[in-house]
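Since the structure comes first, as structure tokens, the remarks are kept for the end.
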Amino acid sequence: MKWPRPSGWQCIVYGSFVVTLVCIVHSIDEIHFESLFKLDRIPLFVPKTFHHSTNESVARNTPPKTIQIQLNCTSLGNRTRNCPANYYPKNFFRRDDQEGGSTATATCPDYFRWIYEDLRPWRETGITAEMVERAWPASYFRVVIVDGRAYVDRHKMSPQTSDVFTLWGILQLLRRYPGKLPDLDLMFSVADRPVIKSEDYNATTPPPLFRFCGDDDTVNIVFPDWSFWGWAETNIKPWEELLEEIKQEDTRKRWMDKEAHAFWRGNPRTSASRMELMRCNVSDKQDWGAHLYKQDWNKEKWEGYKQSNQASQCTHRYKIYVEGIGWSVSEKYILACNSVALMVKSRYYDFFSRGLMPMHHYWPINDQGDKCRSIKFAVEWGNSHEQEAQDIAKAGSNFIREDLKMDHVYDYMFHVLNEYAKLLRYKPTIPPRALEICSETLSCTRVGVHKTFLMESMVKGPTDVSPCNMPPPYGALEFQALLERKANAVSQVELWEKKYWENQTKNN
């Protein structure tokens with residue numbers, strides 16, 4: 001059978017159709033080919049569960065969706081007591097994973113090196129289940145992480161809600177780095193003062209105990225305190241938000257335009273050192289260069305916390321830090337102010353303060369002598385050496401604003417837990433009395449400012465980068481040189497102060 005010969009106009013139509021089809025195919029191929037070279041300009045935090053395919057997303061050059069772990073506080077079922085089965089995402093890309101590890105991850109701040117020092121007592125022996133159990137009497141709760149999920153066994157009442165916000169911080173770490181933490185088992189104390197004395201364990205290995213602070217006479221694994229996620233009882237906001245407010249307030253007034261005195265506001269009844277400090281207040285008879293204010297938290301609560309906003313307390317050139325019952329959470333707020341921090345010699349340290357250097361980040365105040373004279377000299381020196389004083393203020397605030405931002409707080413938590421887990425000589429299991437916790441179990445039934453702070457500090461989902469890289473441990477000579485440098489800086493200030501008062505006596 002012969003097909004009819006197409007007419008002239010039909011040939012034109014058929015030919016146009018074929019040409020158009022070829023152009024479309026070529027264009028599609030060009031788009032696909034070109035898209036392969038645009039991958040570096042597309043965000044790489046790509047979950048595997050999309051409503052459309054990854055190739056479709058690339059072809060359209062649309063940013064892939066980030067993963068968010070939704071908080072489900074519905075009243076249906078038992079969600080406030082039971083955590084969802086598939087709570088933490090497992091399949092997602094990180095930027096450095098996608099690029100084959102070619103992205104250079106930043107090195108952690110230098111104070112991370114103290115993690116090795118805190119874990120030194122167990123470096124040779126490792127940590128056994130028996131050692132962990134011996135820390136039970138001094139602890140407030142036990143935390144176990146198995147397969148990336150958290151369980152807690154609480155056996156002591158904590159002051160205020162410090163335990164809740166500490167556990168909340170650990171849960172946010174799991175949301176930030178799901179599946180990255182190894183199985184671990186630890187005891188935690190929220191008490192103000194450390195209790196496991198080094199001298200009691202010359203012949204045996206001490207029990208490992210996590211806590212907020214330590215001193216030179218005790219054995220502790222230091223961990224970020226609860227206030228980084230908010231201190232509801234004093235209306236102090238979560239650190240990330242508060243730090244931004246402090247930065248904003250600081251732009252309103254240059255250091256030179258600030259009040260040329262030292263400032264402190266707090267509860268003096270928590271320590272003898274604070275009671276002594278109050279004697280240094282300005283009076284009709286004597287001006288020690290200090291403006292000191294008693295903080296009545298009960299009164300503050302009734303009056304709406306008008307006098308306790310940390311962001312509005314950066315009005316002086318100098319701010320005083322002095323310990324209370326133990327170390328004080330106020331340290332970071334004081335240092336962040338871009339004022340010269342006058343730090344009364346402390347017995348206790350927290351996880352970051354060992355990274356501070358006297359006369360670089362702060363001005364040391366002698367706790368053994370006359371605090372008033374030390375403060376007076378510090379203020380006089382700063383007001384007559386304005387550039388040097390501004391340099392100290394800037395170095396201290398930069399340390400807090402950069403090295404203590406929440407990214408680094410979470411990374412410190414990650415690394416101290418990871419290094420601790422490496423020392424475990426047993427496989428952690430879920431204790432019989434332990435309950436699983438997730439963000440829902442800790443937040444859904446909360447109300448008021450507690451709920452507000454939990455929601456404001458909640459990590460929305462996994463980050464697209466890995467934790468910072470740990471710096472190496474201190475060598476023996478390097479560590480000794482560091483301690484000597486700190487001691488020499490303090491001695492230099494004490495010598496200057498002594499000469500200053502000798503000259504004052506001669507002139508009078």
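By convention in this document, the chains of the structure tokens carry letters A, B, ... by their order, each chain's residues are numbered from 1, and ligands are numbered from 1 in the order they are shown.
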
May I have all residues of range 38-287 of chain A that DSSP, computed from the backbone, assigns to strand (DSSP E or B), given as a ChimeraX atom specification? /A:47,92,107,127,141-146,149-154,184-188,197,210-211,214,218,221-222,231,236,259-266

May I have the selected residues written with N, CA and C atoms, as a short mmCIF file (atom, residue, chain, number, x, y, z; two decimals), in the first residue's frame?
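File produced: result_24.cif:
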data_model
loop_
_atom_site.label_atom_id
_atom_site.label_comp_id
_atom_site.auth_asym_id
_atom_site.auth_seq_id
_atom_site.Cartn_x
_atom_site.Cartn_y
_atom_site.Cartn_z
N PRO A 47 17.44 17.18 52.92
CA PRO A 47 16.87 15.95 53.46
C PRO A 47 16.52 14.98 52.34
N PHE A 92 20.06 12.96 56.37
CA PHE A 92 20.18 14.34 55.93
C PHE A 92 21.64 14.61 55.62
N THR A 107 38.79 25.34 63.93
CA THR A 107 39.30 24.78 65.18
C THR A 107 38.57 25.40 66.35
N ILE A 127 36.88 4.52 82.35
CA ILE A 127 35.76 4.71 83.28
C ILE A 127 34.90 3.46 83.26
N PHE A 141 21.01 13.75 89.20
CA PHE A 141 20.33 12.91 88.21
C PHE A 141 21.37 12.20 87.35
N ARG A 142 20.89 11.16 86.70
CA ARG A 142 21.73 10.36 85.80
C ARG A 142 21.20 10.53 84.38
N VAL A 143 22.09 10.71 83.43
CA VAL A 143 21.72 10.83 82.02
C VAL A 143 22.36 9.69 81.25
N VAL A 144 21.54 9.00 80.48
CA VAL A 144 22.03 7.92 79.61
C VAL A 144 21.57 8.22 78.19
N ILE A 145 22.48 8.12 77.26
CA ILE A 145 22.14 8.25 75.84
C ILE A 145 22.42 6.93 75.16
N VAL A 146 21.40 6.35 74.57
CA VAL A 146 21.51 5.08 73.85
C VAL A 146 20.86 5.25 72.48
N ARG A 149 19.14 8.61 71.74
CA ARG A 149 17.97 9.04 72.51
C ARG A 149 18.36 9.16 73.98
N ALA A 150 17.75 10.11 74.68
CA ALA A 150 18.16 10.45 76.04
C ALA A 150 17.18 9.91 77.08
N TYR A 151 17.77 9.45 78.19
CA TYR A 151 16.99 8.92 79.32
C TYR A 151 17.55 9.53 80.60
N VAL A 152 16.68 9.79 81.57
CA VAL A 152 17.12 10.42 82.81
C VAL A 152 16.52 9.70 84.01
N ASP A 153 17.33 9.61 85.05
CA ASP A 153 16.90 9.05 86.34
C ASP A 153 17.20 10.11 87.39
N ARG A 154 16.17 10.82 87.85
CA ARG A 154 16.35 11.89 88.84
C ARG A 154 16.06 11.35 90.23
N LEU A 184 26.38 6.87 76.01
CA LEU A 184 27.11 7.28 77.21
C LEU A 184 26.23 7.19 78.44
N ASP A 185 26.87 7.24 79.59
CA ASP A 185 26.21 7.09 80.89
C ASP A 185 26.94 8.00 81.86
N LEU A 186 26.24 8.99 82.45
CA LEU A 186 26.92 9.94 83.33
C LEU A 186 26.04 10.36 84.49
N MET A 187 26.69 10.82 85.55
CA MET A 187 26.03 11.41 86.72
C MET A 187 26.25 12.91 86.69
N PHE A 188 25.23 13.67 87.12
CA PHE A 188 25.28 15.13 87.05
C PHE A 188 24.83 15.74 88.36
N LYS A 197 36.74 15.47 96.59
CA LYS A 197 38.07 16.01 96.88
C LYS A 197 39.16 15.10 96.31
N PHE A 210 29.75 15.13 86.49
CA PHE A 210 29.58 16.37 85.72
C PHE A 210 28.93 17.43 86.62
N ARG A 211 29.38 18.68 86.44
CA ARG A 211 28.81 19.77 87.21
C ARG A 211 29.15 21.10 86.53
N GLY A 214 34.26 23.90 89.11
CA GLY A 214 35.24 23.10 89.83
C GLY A 214 36.22 24.02 90.53
N THR A 218 39.35 19.74 93.94
CA THR A 218 38.36 18.70 93.66
C THR A 218 38.49 18.18 92.24
N ILE A 221 34.11 17.21 86.09
CA ILE A 221 34.00 17.36 84.64
C ILE A 221 33.05 18.52 84.42
N VAL A 222 33.60 19.66 84.01
CA VAL A 222 32.84 20.91 83.98
C VAL A 222 32.00 21.00 82.71
N TRP A 231 17.26 31.64 82.69
CA TRP A 231 17.09 31.48 84.13
C TRP A 231 15.73 32.07 84.47
N ILE A 236 16.14 36.08 83.50
CA ILE A 236 17.30 36.27 82.64
C ILE A 236 17.11 35.42 81.39
N GLU A 259 30.26 55.83 82.48
CA GLU A 259 30.56 56.30 83.83
C GLU A 259 31.94 55.79 84.26
N ALA A 260 32.80 56.70 84.73
CA ALA A 260 34.20 56.35 85.03
C ALA A 260 34.35 55.73 86.41
N HIS A 261 33.45 54.84 86.77
CA HIS A 261 33.50 54.11 88.04
C HIS A 261 33.29 52.62 87.76
N ALA A 262 33.47 51.82 88.80
CA ALA A 262 33.18 50.39 88.72
C ALA A 262 31.75 50.14 89.18
N PHE A 263 31.12 49.13 88.60
CA PHE A 263 29.70 48.82 88.88
C PHE A 263 29.55 47.37 89.30
N TRP A 264 28.69 47.15 90.30
CA TRP A 264 28.30 45.78 90.65
C TRP A 264 26.89 45.80 91.19
N ARG A 265 26.09 44.83 90.79
CA ARG A 265 24.75 44.63 91.33
C ARG A 265 24.56 43.14 91.58
N GLY A 266 24.16 42.78 92.79
CA GLY A 266 23.96 41.38 93.10
C GLY A 266 23.49 41.18 94.53
#

Please return as a ChimeraX atom specification: the residues of range 110-289 of chain A that backbone DSSP assigns to alpha helix (DSSP H). /A:114-118,129-134,162-176,239-250,272-277

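For the residues A:Trp239, A:Trp496, A:Tyr293, A:Trp168, ranking by smallest atom-to-atom distance to Arg401 in chain A using only C-alpha atoms places A:Trp239 first.
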
Find the residues around range 469-485 of chain A up to 9 Å (only C-alpha atoms counted), leave out those fewer than 2 positions away in its own chain, and share them as a list in words.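 These residues fall inside the cut-off: Thr105, Ala106, Thr107, Cys108, Pro109, Asp110, Phe112, Arg113, Trp114, Ile115, Tyr116, Glu117, Met357, Pro358, His415, Ser466, Pro467, Ala487, Asn488, Ala489 and Val490 of chain A.
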
Residues just named, written with N, CA and C atoms as a compact mmCIF listing (two decimals), in the first residue's frame:
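And here is the file that came out, out.txt:
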# COMPACT_ATOMS: atom_id res chain seq x y z
N THR A 105 36.65 22.76 58.52
CA THR A 105 35.95 23.03 59.76
C THR A 105 36.88 23.81 60.68
N ALA A 106 36.36 24.84 61.32
CA ALA A 106 37.18 25.69 62.17
C ALA A 106 37.65 24.93 63.40
N THR A 107 38.79 25.34 63.93
CA THR A 107 39.30 24.78 65.18
C THR A 107 38.57 25.40 66.35
N CYS A 108 38.27 24.61 67.35
CA CYS A 108 37.55 25.10 68.53
C CYS A 108 38.39 26.13 69.28
N PRO A 109 37.75 27.01 70.05
CA PRO A 109 38.50 27.94 70.90
C PRO A 109 39.46 27.21 71.83
N ASP A 110 40.48 27.90 72.26
CA ASP A 110 41.56 27.28 73.02
C ASP A 110 41.10 26.70 74.36
N PHE A 112 38.76 24.86 74.97
CA PHE A 112 38.32 23.47 74.81
C PHE A 112 39.40 22.49 75.26
N ARG A 113 40.65 22.93 75.28
CA ARG A 113 41.75 22.04 75.65
C ARG A 113 41.65 21.61 77.12
N TRP A 114 40.91 22.37 77.90
CA TRP A 114 40.73 21.99 79.31
C TRP A 114 39.86 20.74 79.47
N ILE A 115 39.18 20.36 78.42
CA ILE A 115 38.42 19.10 78.46
C ILE A 115 39.37 17.93 78.76
N TYR A 116 40.52 17.93 78.10
CA TYR A 116 41.50 16.86 78.35
C TYR A 116 41.97 16.88 79.80
N GLU A 117 42.15 18.07 80.37
CA GLU A 117 42.61 18.17 81.76
C GLU A 117 41.54 17.66 82.72
N MET A 357 42.79 35.30 80.23
CA MET A 357 44.14 35.67 80.63
C MET A 357 44.11 37.01 81.36
N PRO A 358 44.67 37.07 82.60
CA PRO A 358 44.72 38.35 83.33
C PRO A 358 45.47 39.41 82.53
N HIS A 415 31.87 17.90 72.50
CA HIS A 415 33.21 17.34 72.64
C HIS A 415 33.47 16.77 74.04
N SER A 466 29.47 20.31 60.78
CA SER A 466 29.93 19.48 61.89
C SER A 466 30.49 20.34 63.01
N PRO A 467 30.67 19.77 64.21
CA PRO A 467 31.28 20.53 65.31
C PRO A 467 32.69 20.98 64.94
N ALA A 487 50.06 33.64 86.43
CA ALA A 487 50.54 34.05 87.75
C ALA A 487 51.39 35.32 87.66
N ASN A 488 52.22 35.42 86.64
CA ASN A 488 53.08 36.59 86.48
C ASN A 488 52.26 37.85 86.21
N ALA A 489 51.18 37.71 85.44
CA ALA A 489 50.33 38.86 85.16
C ALA A 489 49.67 39.38 86.43
N VAL A 490 49.21 38.46 87.27
CA VAL A 490 48.59 38.85 88.54
C VAL A 490 49.62 39.50 89.45

Selected residue, from A:Val459, A:Ile325, A:Val493, A:Leu277, that lies nearest to Asp370 in chain A when counting only C-alpha atoms: A:Leu277

Length of the CA of Pro159 in chain A to CA of Ala232 in chain A vector [Å]: 12.1 Å

Contacts of range 306-310 of chain A at 8 Å or less, counting only C-alpha atoms, minus same-chain residues fewer than 5 places along, as a ChimeraX atom specification? /A:236,242,246,295,300,333

Same residues, C-alpha atoms, saved as a CSV table (one decimal), in the first residue's frame:
chain,number,residue,atom,x,y,z
A,236,ILE,CA,17.3,36.3,82.6
A,242,LEU,CA,20.5,38.2,75.7
A,246,ILE,CA,24.0,43.4,75.2
A,295,GLN,CA,19.8,43.0,94.4
A,300,GLU,CA,12.5,42.6,91.6
A,333,TYR,CA,27.2,39.0,81.3

For a test of reading the model, state the distance in Å between CA of Ile170 in chain A and CA of Thr205 in chain A, rounded to one decimal.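 Straight-line distance from CA of Ile170 in chain A to CA of Thr205 in chain A works out to 26.7 Å.
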
If you count only C-alpha atoms, which residues fall within 12 Å of Met406 in chain A, apart from same-chain ones fewer than 2 positions away, as a PyMOL selection string? chain A and resi 169+172-173+176+224+227-229+238-244+400-404+408-413+457-459+467

Write the selection just made, keeping C-alpha atoms, as a PDB file, in the first residue's frame?
ATOM      1  CA  GLY A 169      20.283  21.966  76.825  1.00  0.00           C
ATOM      2  CA  GLN A 172      18.887  20.672  72.103  1.00  0.00           C
ATOM      3  CA  LEU A 173      22.357  19.251  71.497  1.00  0.00           C
ATOM      4  CA  ARG A 176      21.479  20.005  66.634  1.00  0.00           C
ATOM      5  CA  PRO A 224      27.872  24.590  80.599  1.00  0.00           C
ATOM      6  CA  SER A 227      21.414  29.768  82.272  1.00  0.00           C
ATOM      7  CA  PHE A 228      22.541  29.451  78.651  1.00  0.00           C
ATOM      8  CA  TRP A 229      18.935  28.370  77.985  1.00  0.00           C
ATOM      9  CA  PRO A 238      18.491  32.601  77.039  1.00  0.00           C
ATOM     10  CA  TRP A 239      22.086  33.468  76.208  1.00  0.00           C
ATOM     11  CA  GLU A 240      21.760  33.747  72.433  1.00  0.00           C
ATOM     12  CA  GLU A 241      19.040  36.390  72.663  1.00  0.00           C
ATOM     13  CA  LEU A 242      20.546  38.191  75.653  1.00  0.00           C
ATOM     14  CA  LEU A 243      23.978  38.421  74.036  1.00  0.00           C
ATOM     15  CA  GLU A 244      22.454  40.179  71.024  1.00  0.00           C
ATOM     16  CA  ILE A 400      32.608  36.238  75.125  1.00  0.00           C
ATOM     17  CA  ARG A 401      30.923  37.358  71.931  1.00  0.00           C
ATOM     18  CA  GLU A 402      32.948  35.105  69.644  1.00  0.00           C
ATOM     19  CA  ASP A 403      34.321  32.192  71.667  1.00  0.00           C
ATOM     20  CA  LEU A 404      31.225  31.838  73.855  1.00  0.00           C
ATOM     21  CA  HIS A 408      30.653  27.035  70.629  1.00  0.00           C
ATOM     22  CA  VAL A 409      28.638  26.233  73.753  1.00  0.00           C
ATOM     23  CA  TYR A 410      27.002  23.344  71.908  1.00  0.00           C
ATOM     24  CA  ASP A 411      30.326  22.253  70.455  1.00  0.00           C
ATOM     25  CA  TYR A 412      31.893  22.225  73.921  1.00  0.00           C
ATOM     26  CA  MET A 413      29.031  20.042  75.145  1.00  0.00           C
ATOM     27  CA  SER A 457      16.140  28.508  73.148  1.00  0.00           C
ATOM     28  CA  MET A 458      14.872  25.483  71.228  1.00  0.00           C
ATOM     29  CA  VAL A 459      17.041  24.239  68.362  1.00  0.00           C
ATOM     30  CA  PRO A 467      31.280  20.532  65.307  1.00  0.00           C
TER      31      PRO A 467
END

Find, counting only C-alpha atoms, the residue in A:Trp363, A:Phe351, A:Tyr426, A:Tyr88 that gets nearest to Met131 in chain A. A:Tyr426

Set the distance at 10 Å and use only C-alpha atoms: which residues neighbour Arg279 in chain A once local chain neighbours fewer than 5 positions away are removed? I'd like the list as a PyMOL selection string. chain A and resi 274+288+290+292+371-372

To one decimal place, how far is CA of Val322 in chain A from CA of Asp296 in chain A in Å?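 So the two atoms, CA of Val322 in chain A and CA of Asp296 in chain A, lie 17.0 Å apart.
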
Using only C-alpha atoms, can you tell me which of A:Ile430, A:Leu209, A:Val344, A:Val329 comes closest to Ser273 in chain A?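 Using only C-alpha atoms, Ser273 in chain A sits closest to A:Val344.
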
Between A:Arg373, A:Leu417, A:Thr128, A:Asp464, which residue has the minimum interatomic distance to Trp501 in chain A, considering only C-alpha atoms?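 Going through A:Arg373, A:Leu417, A:Thr128, A:Asp464 one by one, the smallest distance to Trp501 in chain A is for A:Arg373.
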
From A:Val340, A:Ala135, A:Leu424, A:Leu442, residue lying nearest Met455 in chain A [only C-alpha atoms]: A:Leu442
